[in-house]
Structures are given as structure tokens and as C-alpha cells.
Amino acid sequence: MTKNENPRYVAAKTLQAVFFKGAYSHLALDEQLKNHQLSAVDQRFVTEVVYGTIKRLNTIDYLLNGVMKNKVHKSDQRIQVILRMAVYQMFYLDRIPERAAIHEAVELSKQWGRVGLKGLINGVLRSLSRQGLPDFSSITPSSKRIAIETSHPEWLVKRWINAYGEEETRRLCTTNSERGKTTIRVNLRVTTVDAVQAELFEEGIETVKGELTKESLIVTKGVVTKSAAFKEGRLSIQDESSMLVARALNPKPSMKMLDTCAAPGGKTMHAAELMNDEGEIIANDVHAHKKRLIEKEANRLQLSIVHATTEDAVILAKTYQDVRFDRILVDAPCSGLGVLRSKPDIKWNTDEKEIRKLPALQLDILNTASKLLKDDGVLVYSTCTILPEENEHVVQEFLKNNEDFTLDESLQERIKIQSENQGYTTILPHQYGSDGFFICAMKKGSARHGNEN
Ligand SMILES: C[S@@+](CC[C@H](N)C(=O)[O-])C[C@H]1O[C@@H](n2cnc3c(N)ncnc32)[C@H](O)[C@@H]1O
């Protein structure tokens, strides 16, 4: 435990690790919170400042660059962090008066070995305070305006405008900048939604029912992971879009299922719950260390049909050459650009060139998995991204080369999402307040797989 218990110092150390050492925000934050003894209120403040500053980075830098002689990214690392954090507090945290945010930034510069630059910090922040938020509407072209106003890389905004048009893109980007929410999946195998809601309420945790699935609850107050219901396996944390994936598979007791890219196991466990823990699920992931995560989850939820394996999904056809599955899920590795509300660093760390390599891997895994499906079985391809090239383009390419597969038109009966496309859907974050997701169900042979639940 260190002696320095100033929450802004803890936030600053976390942001330094994220901005300059390539750390993932959630891991850097966990580490800093572990190393400092902060009250629950201070921990929430640090979390808010860290995620908020990362989420609003583009806008914050635009504001700073408007009043600084040299661009903010040319400053010393610590000054960049102190200024960015302060601007977030000044303009996006209602409960912090601007004067207080400026004062604390100056104090932090003294505490963090930058006393000589306190005049610069004071001057820049006071100028911004006098000026206030500018009118972004004069920025052209519109891709640049959306990128600055909602804090996204412009290359990404351009891609989304291409796919969804300007208005949808503005709305989805605005939602990405909002605060994420915690959603619960109730384990319907052992309890009911009402029982869990009442049990949590007794512990001071408040929830409302979700919109998209009957097993979901949205947390409005409290920390669920500390509840008895979590520890004893009556609930899991999972976004509603994610829950739709197991629903799209429509698994039944006694079936045999393969999850090719399963870790940490959210969708596997949901499917096992829907199967009433009867049958078998092979939950595979390429990373050996993730096998433990799957096993731990199965253990917590007391699910015995889940068998975790470690293999590259592109060779699974060989491993299971004599086995055929009723249900196969390819929840593919992807760019993750649908989950920017909860993982905002993805938008700054994603390399456009790297994304171009993903469809080949996604198609490879899908092709391999498809060879293991029983006739009349269901194959679901899903991603937590909203780029067409990782989604419908992959599926279209797959269907072109696999004529024995067709889109499963009964998908809409199972997941009840409005979609113009039969067999697949893209959920944008602003539509239902859930993560951005792509879900496609395909069938081999001619059977229908409507929802009998
Ligand atoms: C989107 S995540 C899966 C999330 C998981 N289905 C869930 O609901 O918890 C994609 C997973 O694919 C795994 N992965 C990446 N490349 C893979 C490959 N070639 N073969 C198998 N798994 C792979 C990653 O380790 C990651 O855990």
C-alpha cells in the first residue's frame, strides 16, 4: 500500500499507464485501486475520471489545443494527463465546480513533480474556463465534426457513415460516449427474475427488467458482484445483446454443442443454462490461460456439461473429424468496436490496418466449424463489432462457398429484434442501449428452428 491516497493522483497514474504504456484501462485501474487505500466514494470518482477522460479524449484535446501554444500531445506526459483529467472534470462532471478542478490540477502538478509547470496548468485551464465549450457545428466536414464532438477517430466515423449514414452514426457515437451500464443474466435454471430482483433489493441493489430478453435485469444501484446471488451462481453479468446469441442458437437439453471461441464463457454458460445442464458443450478457446476462466464460471454456476478445451479453432475439424454437433457457435475474435461504452480504449488502440486482417481469420474459423455441424443443425456467427466487413461480408462470403448452408429465417422469432434481413441482424448501441453486436443464424439442410420456449 502506498502513502499517497489522493484519488486524482490514482486516476493520473492509471491514465499515464493507459496513454503511454499501452495498458488496458480496466487492468490498469484494478492495479492502481489495489495499490491505494481509497474509500468506495473515491474509488467511484477515480473510475469515472479514468473512463470519462479516455472516452472524451478527442474533444478534450481539441479544447486544449485551442488555448495552448504547443499541441497538448507535445507536452510532458504528466502535464498531458493532468490537463486532460482536469478538462474532463470541468466540462463533464457536474458535481465538480470548475474552480475546484483547476485548483486540484495545480495541486496535483506539485505533488507529481511538476511544480515548475503549475503556472502553465493554471493559465491553460483558466482560459478554457472563460471560453466554455465551443460551437462544434462549424467544424467541417461532418465526419470531422462527429469525431471531435463525440470523441472518436475520424477514420472510424467515416466507415460508419458509409455503412449507416450520418444521422445513425452521430447517434451511435453519442451513445458510445455515455456511461456504460451493468446488466444481469438471471440463471433461469435455478431461480426466477422476480426472486433475484427481490433478493438483490434486500441487499440494497436496485434493478429494472431488461427489454431484450426475459432473463435480463439492468442494475440501477449497487454492486452486483458482491451479492450472494452472484457468488452462489444465481446470476451472471452479461450485456443483453450478448444474451441474444445463446437465444439465437436455441439449444435444447441433451444436445451436443461446440463453442469454438468460448472464453471467458458468457455465452457457453447461458447455453448450458438453457439446456438445463443436460447434454454436452465443448467450450474451446485458443488461449490456454483462458481455460481456467471457463472452468471457474462453470463451477460458479454449477454446470457440469461444459468441457473446456484449448485449441486453435481453425484445426477443430481435424480434432472432431468423427463427431457432429447440433449447435455450433462462432463468437469470433473481432475489432470489438461495438463495446466502446465499456471499453473506450479500443477506439484509440485499434489500428485500421489490423482490422483488415480479421475477416480472413473469421471466415477461416467459420469454414472449419461448419464442417462439424449435423444436418439440420444451427450455426451461429456473432461478433461484438459493427463493421460490415467483419459481419455480413464474412457471412456472404461463407454462404457463397457453402451451398448446403442457408440463412435461418426463423432467427427473428427467437430474438425478436426488428431487422430488414432474414437470418442476421446488426444491433447498434443506441437502438436498445445494449452493446453493438452482429448475430447471424445459419442452418444446414431444410429444418426450421423457431422458438418453442
Ligand atoms: C469475442 S471473444 C469470445 C467471448 C465468449 N464467447 C463469451 O461469450 O464469453 C473471442 C475469443 O476468441 C478467442 N480466439 C481468438 N482467436 C482464436 C482462434 N484462432 N481459435 C480459438 N479461439 C480464438 C479469444 O481468445 C477470445 O477469447
# chains A, B, ... in the order shown; residues from 1 in each chain; ligands from 1
>>> residues_near_ligand(ligand="ligand 1", cutoff="9 Å", atoms="only C-alpha atoms and all ligand atoms", output="PyMOL selection string")
chain A and resi 238+242-243+245+259-270+283-288+290+294+310-316+329-334+336+361-362+364-365+382-384
>>> residues_around(residues="A:Asn276", least_positions_apart="2", cutoff="9 Å", atoms="only C-alpha atoms", output="list of chain:residue names")
A:Leu188, A:Arg189, A:Lys252, A:Pro253, A:Ser254, A:Ala271, A:Ala272, A:Glu273, A:Leu274, A:Glu278, A:Gly279, A:Leu303
>>> write_last_selection(atoms="N, CA and C atoms", output="JSON list (two decimals), in the first residue's frame")
[["chain", "number", "residue", "atom", "x", "y", "z"],
["A", 188, "LEU", "N", -32.04, -18.87, -15.11],
["A", 188, "LEU", "CA", -33.43, -19.36, -15.05],
["A", 188, "LEU", "C", -33.51, -20.85, -14.73],
["A", 189, "ARG", "N", -32.39, -21.53, -14.79],
["A", 189, "ARG", "CA", -32.38, -22.95, -14.44],
["A", 189, "ARG", "C", -32.63, -23.16, -12.95],
["A", 252, "LYS", "N", -31.16, -27.05, -26.85],
["A", 252, "LYS", "CA", -32.16, -27.83, -26.08],
["A", 252, "LYS", "C", -31.43, -28.87, -25.23],
["A", 253, "PRO", "N", -32.06, -29.29, -24.13],
["A", 253, "PRO", "CA", -31.45, -30.34, -23.31],
["A", 253, "PRO", "C", -31.09, -31.55, -24.17],
["A", 254, "SER", "N", -29.98, -32.15, -23.80],
["A", 254, "SER", "CA", -29.43, -33.38, -24.43],
["A", 254, "SER", "C", -28.73, -33.13, -25.78],
["A", 271, "ALA", "N", -25.93, -20.89, -22.72],
["A", 271, "ALA", "CA", -26.46, -22.04, -23.48],
["A", 271, "ALA", "C", -26.64, -23.23, -22.55],
["A", 272, "ALA", "N", -25.68, -23.45, -21.66],
["A", 272, "ALA", "CA", -25.78, -24.60, -20.73],
["A", 272, "ALA", "C", -26.99, -24.44, -19.81],
["A", 273, "GLU", "N", -27.26, -23.20, -19.40],
["A", 273, "GLU", "CA", -28.44, -22.96, -18.56],
["A", 273, "GLU", "C", -29.71, -23.27, -19.36],
["A", 274, "LEU", "N", -29.75, -22.83, -20.62],
["A", 274, "LEU", "CA", -30.93, -23.09, -21.45],
["A", 274, "LEU", "C", -31.10, -24.59, -21.71],
["A", 278, "GLU", "N", -28.09, -30.40, -19.37],
["A", 278, "GLU", "CA", -28.21, -31.76, -19.90],
["A", 278, "GLU", "C", -27.69, -31.76, -21.33],
["A", 279, "GLY", "N", -26.80, -32.69, -21.65],
["A", 279, "GLY", "CA", -26.19, -32.75, -22.97],
["A", 279, "GLY", "C", -24.69, -32.54, -22.83],
["A", 303, "LEU", "N", -22.48, -25.92, -13.42],
["A", 303, "LEU", "CA", -22.84, -26.52, -14.71],
["A", 303, "LEU", "C", -21.84, -27.63, -15.01]]
>>> closest_residue(among="A:Lys209, A:Arg84, A:Arg56, A:Lys226", to="A:Ile148", atoms="only C-alpha atoms")
A:Arg56
>>> residues_around(residues="A:Met85", least_positions_apart="6", cutoff="12 Å", atoms="only C-alpha atoms", output="short mmCIF file (atom, residue, chain, number, x, y, z; two decimals) with C-alpha atoms, in the first residue's frame")
data_model
loop_
_atom_site.label_atom_id
_atom_site.label_comp_id
_atom_site.auth_asym_id
_atom_site.auth_seq_id
_atom_site.Cartn_x
_atom_site.Cartn_y
_atom_site.Cartn_z
CA PRO A 7 -7.83 10.00 -5.72
CA ARG A 8 -6.71 12.34 -8.52
CA TYR A 9 -3.17 11.02 -8.18
CA VAL A 10 -4.51 7.45 -8.51
CA ALA A 11 -6.54 8.45 -11.60
CA ALA A 12 -3.46 10.19 -13.06
CA LYS A 13 -1.23 7.12 -12.58
CA THR A 14 -3.88 4.95 -14.26
CA LEU A 15 -4.24 7.29 -17.23
CA GLN A 16 -0.46 7.54 -17.63
CA PHE A 45 -14.63 9.02 -8.57
CA VAL A 46 -11.35 7.58 -9.89
CA THR A 47 -13.21 5.12 -12.11
CA GLU A 48 -15.38 7.89 -13.50
CA VAL A 49 -12.46 10.22 -14.20
CA VAL A 50 -10.38 7.48 -15.84
CA TYR A 51 -13.12 6.17 -18.16
CA GLY A 52 -14.55 9.63 -18.79
CA THR A 53 -11.18 11.10 -19.79
CA ILE A 54 -10.47 8.20 -22.14
CA LYS A 55 -13.95 8.41 -23.66
CA ARG A 56 -13.75 12.17 -24.30
CA LEU A 57 -10.09 12.30 -25.32
CA ILE A 60 -10.64 17.31 -24.64
CA ASP A 61 -7.54 17.60 -26.85
CA LEU A 64 -6.83 22.20 -25.06
CA ARG A 78 2.37 14.11 -16.71
CA ILE A 79 1.19 17.51 -17.89
CA PHE A 91 -16.88 20.16 -18.57
CA TYR A 92 -18.32 16.71 -17.98
CA LEU A 93 -18.61 16.22 -14.21
CA ALA A 101 -10.99 21.19 -10.80
CA ILE A 102 -8.38 23.85 -11.65
CA GLU A 104 -6.81 20.32 -7.76
CA ALA A 105 -4.91 20.14 -11.07
CA VAL A 106 -2.40 22.71 -9.81
CA LEU A 108 -1.51 17.54 -8.40
CA SER A 109 1.24 19.13 -10.50
CA ILE A 121 -1.64 24.46 -15.98
CA LEU A 125 -7.37 25.82 -17.60
#
>>> residues_around(residues="stretch 149-160 of chain A", least_positions_apart="6", cutoff="6 Å", atoms="only C-alpha atoms", output="list in words")
Arg56, Asn58, Thr59, Ser143, Thr169, Cys173 and Thr174 of chain A
>>> closest_residue(among="A:Trp112, A:Tyr88, A:Tyr432, A:Phe20", to="A:His73", atoms="only C-alpha atoms")
A:Phe20
>>> atom_distance(atom1="atom CA of A:Tyr320", atom2="atom CA of A:Met257")
12.1 Å
>>> closest_residue(among="A:Glu352, A:Asp345, A:Glu280, A:Glu203", to="A:Asp326", atoms="only C-alpha atoms")
A:Glu280
>>> closest_residue(among="A:Asn401, A:Asn162, A:Thr368, A:Thr406", to="A:Gln321", atoms="only C-alpha atoms")
A:Thr368
>>> select_by_dssp(residues="stretch 61-304 of chain A", states="strand (DSSP E or B)", output="list in words")
Thr183, Ile184, Arg185, Val186, Glu206, Thr207, Val208, Lys209, Ser216, Leu217, Ile218, Val219, Thr220, Lys221, Leu235, Ser236, Ile237, Lys256, Met257, Leu258, Asp259, Glu280, Ile281, Ile282, Ala283, Asn284 and Asp285 of chain A
>>> select_by_dssp(residues="stretch 203-334 of chain A", states="alpha helix (DSSP H)", output="PyMOL selection string")
chain A and resi 228-231+240-249+266-274+288-300+316-319
>>> write_last_selection(atoms="C-alpha atoms", output="short mmCIF file (atom, residue, chain, number, x, y, z; two decimals), in the first residue's frame")
data_model
loop_
_atom_site.label_atom_id
_atom_site.label_comp_id
_atom_site.auth_asym_id
_atom_site.auth_seq_id
_atom_site.Cartn_x
_atom_site.Cartn_y
_atom_site.Cartn_z
CA ALA A 228 -24.89 -13.67 -2.53
CA ALA A 229 -26.82 -14.32 -5.75
CA PHE A 230 -23.66 -13.72 -7.80
CA LYS A 231 -21.40 -15.76 -5.54
CA GLU A 240 -28.36 -8.02 -23.32
CA SER A 241 -27.02 -8.18 -26.89
CA SER A 242 -24.71 -10.98 -25.78
CA MET A 243 -27.66 -12.85 -24.28
CA LEU A 244 -29.37 -12.86 -27.65
CA VAL A 245 -26.60 -15.05 -29.06
CA ALA A 246 -27.49 -18.15 -26.99
CA ARG A 247 -31.16 -17.43 -27.75
CA ALA A 248 -30.29 -17.37 -31.47
CA LEU A 249 -28.70 -20.82 -31.12
CA GLY A 266 -20.53 -16.00 -21.03
CA LYS A 267 -22.42 -17.45 -24.00
CA THR A 268 -21.38 -21.03 -23.24
CA MET A 269 -22.82 -20.77 -19.73
CA HIS A 270 -26.02 -19.19 -20.97
CA ALA A 271 -26.46 -22.04 -23.48
CA ALA A 272 -25.78 -24.60 -20.73
CA GLU A 273 -28.44 -22.96 -18.56
CA LEU A 274 -30.93 -23.09 -21.45
CA ALA A 288 -4.52 -21.90 -22.59
CA HIS A 289 -4.78 -19.42 -19.72
CA LYS A 290 -8.42 -18.74 -20.58
CA LYS A 291 -9.43 -22.38 -19.99
CA ARG A 292 -9.34 -21.62 -16.27
CA LEU A 293 -11.80 -18.74 -16.71
CA ILE A 294 -14.31 -21.03 -18.42
CA GLU A 295 -13.90 -23.72 -15.75
CA LYS A 296 -14.28 -21.19 -12.95
CA GLU A 297 -17.54 -19.87 -14.43
CA ALA A 298 -18.94 -23.39 -14.96
CA ASN A 299 -18.05 -24.13 -11.36
CA ARG A 300 -19.69 -20.98 -10.01
CA LEU A 316 -11.10 -28.21 -34.88
CA ALA A 317 -12.42 -30.06 -37.96
CA LYS A 318 -9.49 -32.44 -37.59
CA THR A 319 -9.87 -32.85 -33.81
#
